[in-house]
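Notes follow the structure.
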Amino acid sequence: MRISLVVHVIGLIVRVFGLMTLAPLAVALLYGEYRDAAGFAIATVVTCMAGQVMRRAGGSGAEDAVERMRRVEGLAVVSGAWLLIAAFASLPYVWAGLGVIDAMFESMSGLTTTGATVFRDFAQFGRGIFFWRSLTQWLGGMGVIALFVAILPRLAIGGREMFFAEASGPDDEKVTPQIRRTAAVLWQVYAALTAIQTVALRLTGMSWYDSVSHAFTTLAAGGFSPHPLSLAGYQNPAAEWVIIVFMTLAGANFALQYRALARRDHRLITGDEELRAYAGVVIVATALLVWATQLPLLSESALRTALFQVLSILTTTGYASVDFQLWNDQAKAILLGLMFIGGCAGSAAGGPKVVRHVLLAKFTLHELRRALHPHAVLPVKLAGRVVPAHIVQGVIVFFLFYMLTFAMCTAVVVLLGADLVTGISATAACLGNVGPGFNLVGPMSHFGDLHPISRMALTATMWIGRLEVITVLVIIRPEAWRAGRWNSE
Amino acid sequence: MRIVIVGGGQIGSSLAKALAAEHEVVVIDHNPDVAAAFHHIDAELLIGSGTSQDMLKRARIEDARFFVATTPLDEVNVVACAIANRMSNPETICVVSRSDFLPDGQAGVGLRDFGIDRVLWPEAQLAADIEGVVSAPGAIDAEIFAGGRIRLLEYRLGTGSVMVGKTLGALHLPRGSLIVAVKRAGALFVPRGATVLQADDKVIVMGAPSAIQEVHRLIHPARAGGDIEVTIVGGGDVGLQLAERLERSPACQVRIVERDPARGEMLAARLTRTLVLNGDGTDLEFLESENVGRSDVLVCVIDNDERNLLASLLGRQLGVPKIVTRVSRPTNLRLFERVGIDVALSARAAAVASILHQITGGASSLLAVVEHGEARVLELVVSDRFEPRPLKQIGAPADVIVGAILRGSEVIVPRGDDQISPGDRLIVFSTREAAERVQAYFHGFDS
């Protein structure tokens, strides 16, 4: 691993990311929040300068090596960039009065589209801060690396490894043969959907500011809302339906949506195995939830409430249109189960992803069948095509590490004083990038009352969960660093 | 007439042997080793490439009526036919072993674009033939004609069969079906109304699918309907195609045994419902552990006659009721049936018969060869000069039976009163000896 190259590329990304703070700066100025505006201005300058320093530190050798980036270097850049970007994105929160641990938690929760918050009192913060919170989710939803691969010509070739290290799901798929064009197309679809949703929300009577904020955090499957009671604070059924539709889209594969739209072929949608499983989960879970909550059957509000909560948790968005902390244990158990499923691969959603469950189920069934026919050749297939063995193994390893991370972080949170339901749900919600959990960390509550070390551990699990475990775990292996040299090998 | 054959392998040499007595046959093969096979064949053998214009000139392609490409390489066959077609204009027959060169509906490149008049895909034909046999449990041979509107099945009558001991006239077969032939003690004949059926006779029944279904129930009351378990040994081209055809029918549980692990993975990737087993079909322990004896049908399509025979006999030992085996060397065909295999089929023998018919058969087309060439099913068009009259009055040659009349979209399984008119297409069952006479009869009849 050439560390100079990693530092150089991270610098390149951080420098451009600094410019993103100009957007909340404009919003803060617009609403006359001059103190916050100063914070955003400082954050912009500090971030850009830090990026420039890192870029230079890599030296001229690194500049030439970008196009020959190796896999491990790609993983290191992605892991490192996400961590550093989260650190720089936390500067405005620190300026607004949050402690360092809380600021880092909020910032990581935003970028990883988790949506868990440590804001105790929403009235304490200005509109610029809330806009920044929503914007970080929007940027993180499609992937910051994908964005920079799309806009930075320097990463046109070297961006390949990074793009796949950040992308969600077990398989590498591209919309177009060129990685740069793929990233650009995906971002365009994402931006277009965001624009449509903003207008749709505005038509339901939301203010422009709230419409933009919610569109940003819906498409990203993020879940931050400027309102302390989330969507329950608006009591706007039409807006909830709009959000239901766009959460569904955010949890589905964007590349697939683009292809179906570009070729005008609905069979791509109806024939996709993962999408069918996704739809099946939504229908079954909604029916179960209507039953468990004893909402009046066959009423619009029951359907809307159940569907909203199911999609919010399944797509790992994390909005709440009712305080589901008040629901019974059956309903909570269903929601907790959904946290371990997640959305589709190639979507903005977090969690283990539907396709991994499909592959794991098929693999398990094949192993059972192998007991009857010891000589059988049983490849795992998806839509009639064989899934290579290394990908199936990757899925199994993913689940192992996912559950291991879950167990370890739960242990930390519970040992540091939280009750078991809080510990389990907080960890599941952070690792799956969902957002709210139950009890102490319920949808109308916040994570601020957890032990500081718990908050740090949860911040780390958000990072691990967003980059799908393996990307981060490879980098923390000593081996990756022992073989590292500053400049050459 | 001059016939040029490219490729002196099994198909090429069998063709040359059959044609050499009456025609000028030139065989081109690049491998000098094939010469040994041609010692006893009165044909000219040229050693060289079948795609070289120089070789084709030496074979005097300009005088040839037919050009047959039979090498194992599809590309060579297609190119050879294309070159022959450009140099002069013989009728070209091209043997292929993959689907790549078959005309693919509207969009694909048709072989006519390469100047090929007729394509023959022996493996696909064999897979289709075996499918016919397998999908009619109890029957030992089966064919489908006229796009599925006419079927032919062959049964062996057991001692307890309801048909034994009765005359055909007393049988009251369902309307739309006919017993077209009986094979008894090695001799095949077309039965008359007074023929009495005996145990161990093989009867060949022809008719519309619904009527055939009823006949099937009559002969095998217990076995009609229900799932069929088929085990295929050998995952080569034929095995794969057969599995692909069989797994389309929901009533078929298909298993395929393949020895080569890499080939097994490829099969598992291509097939959806078929269970692919990695093992040796000639290994008794393996066959027992996978409970192959429980299968209704065992199909052995390994590309090696000896191993095929071994697998078939093991299957018989394990108690499989019906065994279908592929035979590569046509000389082995009779031997295989003698040692107890129900149906032995040879793709190459069928291909050779089909090409021979194409070259020497004239205007009628050969639909099937039954009982290793002892009988054939022909389709022929009634000539314009033929005077319309009922079937019972035409006094057709002995050992010939009209199985069906195709008139437009109509299919008639005829009785004596049914009319035959010019322009009708007849599906005719005939013994080998009578085949030439029947063609002459319906073509040249002048009353």
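For the structure tokens, the naming scheme is as follows: chains receive sequential letters (A, B, ...) according to their order of presentation, residues are indexed from 1 within each chain, and ligands are indexed from 1 in presentation order.
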At most 7 Å is the cut-off: for each residue in chain A with any atom that close to an atom of chain B, write down the nearest atom pair and the distance in Å rounded to one decimal, counting only C-alpha atoms, chain first then increasing number, as CSV.
residue,atom,partner,partner_atom,distance
A:His373,CA,B:Glu290,CA,6.6
A:His375,CA,B:Asn278,CA,5.2
A:Ala376,CA,B:Leu277,CA,4.1
A:Val377,CA,B:Val276,CA,5.3
A:Leu378,CA,B:Ala268,CA,6.7
A:Pro379,CA,B:Ala268,CA,6.6
A:Arg385,CA,B:Ala269,CA,6.7
A:Val386,CA,B:Ala269,CA,5.7
ask   = Which parts of stretch 23-117 of chain B does DSSP call alpha helix (DSSP H) when run on the backbone here, written out as a list in words?
value =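 Alpha helix (DSSP H) members of stretch 23-117 of chain B, listed: Gln53, Asp54, Met55, Leu56, Lys57, Arg58, Asp74, Glu75, Val76, Asn77, Val78, Val79, Ala80, Cys81, Ala82, Ile83, Ala84, Asn85, Arg86 and Met87 of chain B.
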message = Quick check for you: according to DSSP on this backbone, which residues of stretch 366-430 of chain A are classed as strand (DSSP E)? Reply as a list in words.
response =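 Of stretch 366-430 of chain A, the ones in strand (DSSP E) are Ala376, Val377, Lys381, Leu382, Arg385 and Val386 of chain A.
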key: Long-range neighbours of B:Val78 as JSON, numbers by chain, 10 Å cut-off, only C-alpha atoms, 5 positions minimum in chain   = {"B": [51, 69, 70, 71, 73, 83, 84, 92, 93, 94, 95, 96, 101, 111, 114, 115, 116, 119]}
Since we have the selection now, will you write its residues out, keeping C-alpha atoms, as a PDB file, in the first residue's frame?
ATOM      1  CA  THR B  51     -12.492 -25.557 -47.726  1.00  0.00           C
ATOM      2  CA  ALA B  69     -20.239 -31.466 -45.399  1.00  0.00           C
ATOM      3  CA  THR B  70     -19.875 -33.855 -42.444  1.00  0.00           C
ATOM      4  CA  THR B  71     -16.712 -32.825 -40.559  1.00  0.00           C
ATOM      5  CA  LEU B  73     -16.354 -28.749 -37.039  1.00  0.00           C
ATOM      6  CA  ILE B  83     -17.434 -22.157 -51.222  1.00  0.00           C
ATOM      7  CA  ALA B  84     -18.986 -25.088 -53.070  1.00  0.00           C
ATOM      8  CA  THR B  92     -25.586 -28.527 -50.284  1.00  0.00           C
ATOM      9  CA  ILE B  93     -26.260 -30.460 -47.098  1.00  0.00           C
ATOM     10  CA  CYS B  94     -24.522 -29.272 -43.961  1.00  0.00           C
ATOM     11  CA  VAL B  95     -24.156 -31.271 -40.735  1.00  0.00           C
ATOM     12  CA  VAL B  96     -23.887 -29.155 -37.582  1.00  0.00           C
ATOM     13  CA  PHE B 101     -25.781 -21.823 -37.246  1.00  0.00           C
ATOM     14  CA  LEU B 111     -27.927 -20.599 -43.460  1.00  0.00           C
ATOM     15  CA  PHE B 114     -24.283 -19.093 -46.911  1.00  0.00           C
ATOM     16  CA  GLY B 115     -25.727 -21.051 -49.825  1.00  0.00           C
ATOM     17  CA  ILE B 116     -26.733 -24.042 -47.717  1.00  0.00           C
ATOM     18  CA  VAL B 119     -29.044 -28.374 -42.357  1.00  0.00           C
TER      19      VAL B 119
END
inquiry  = So the first atom is atom CA of A:Ser207 and the second is atom CA of A:Gly318; what is the distance between them in Å, to one decimal place?
reply    = 21.2 Å
task = Tell me, as a ChimeraX atom specification, which residues lie within 12 Å of B:Pro191, counting only C-alpha atoms; anything in the same chain fewer than 2 positions away does not count.
result = /B:167-169,178-184,187-189,193-197,201-205,398-401,429-431
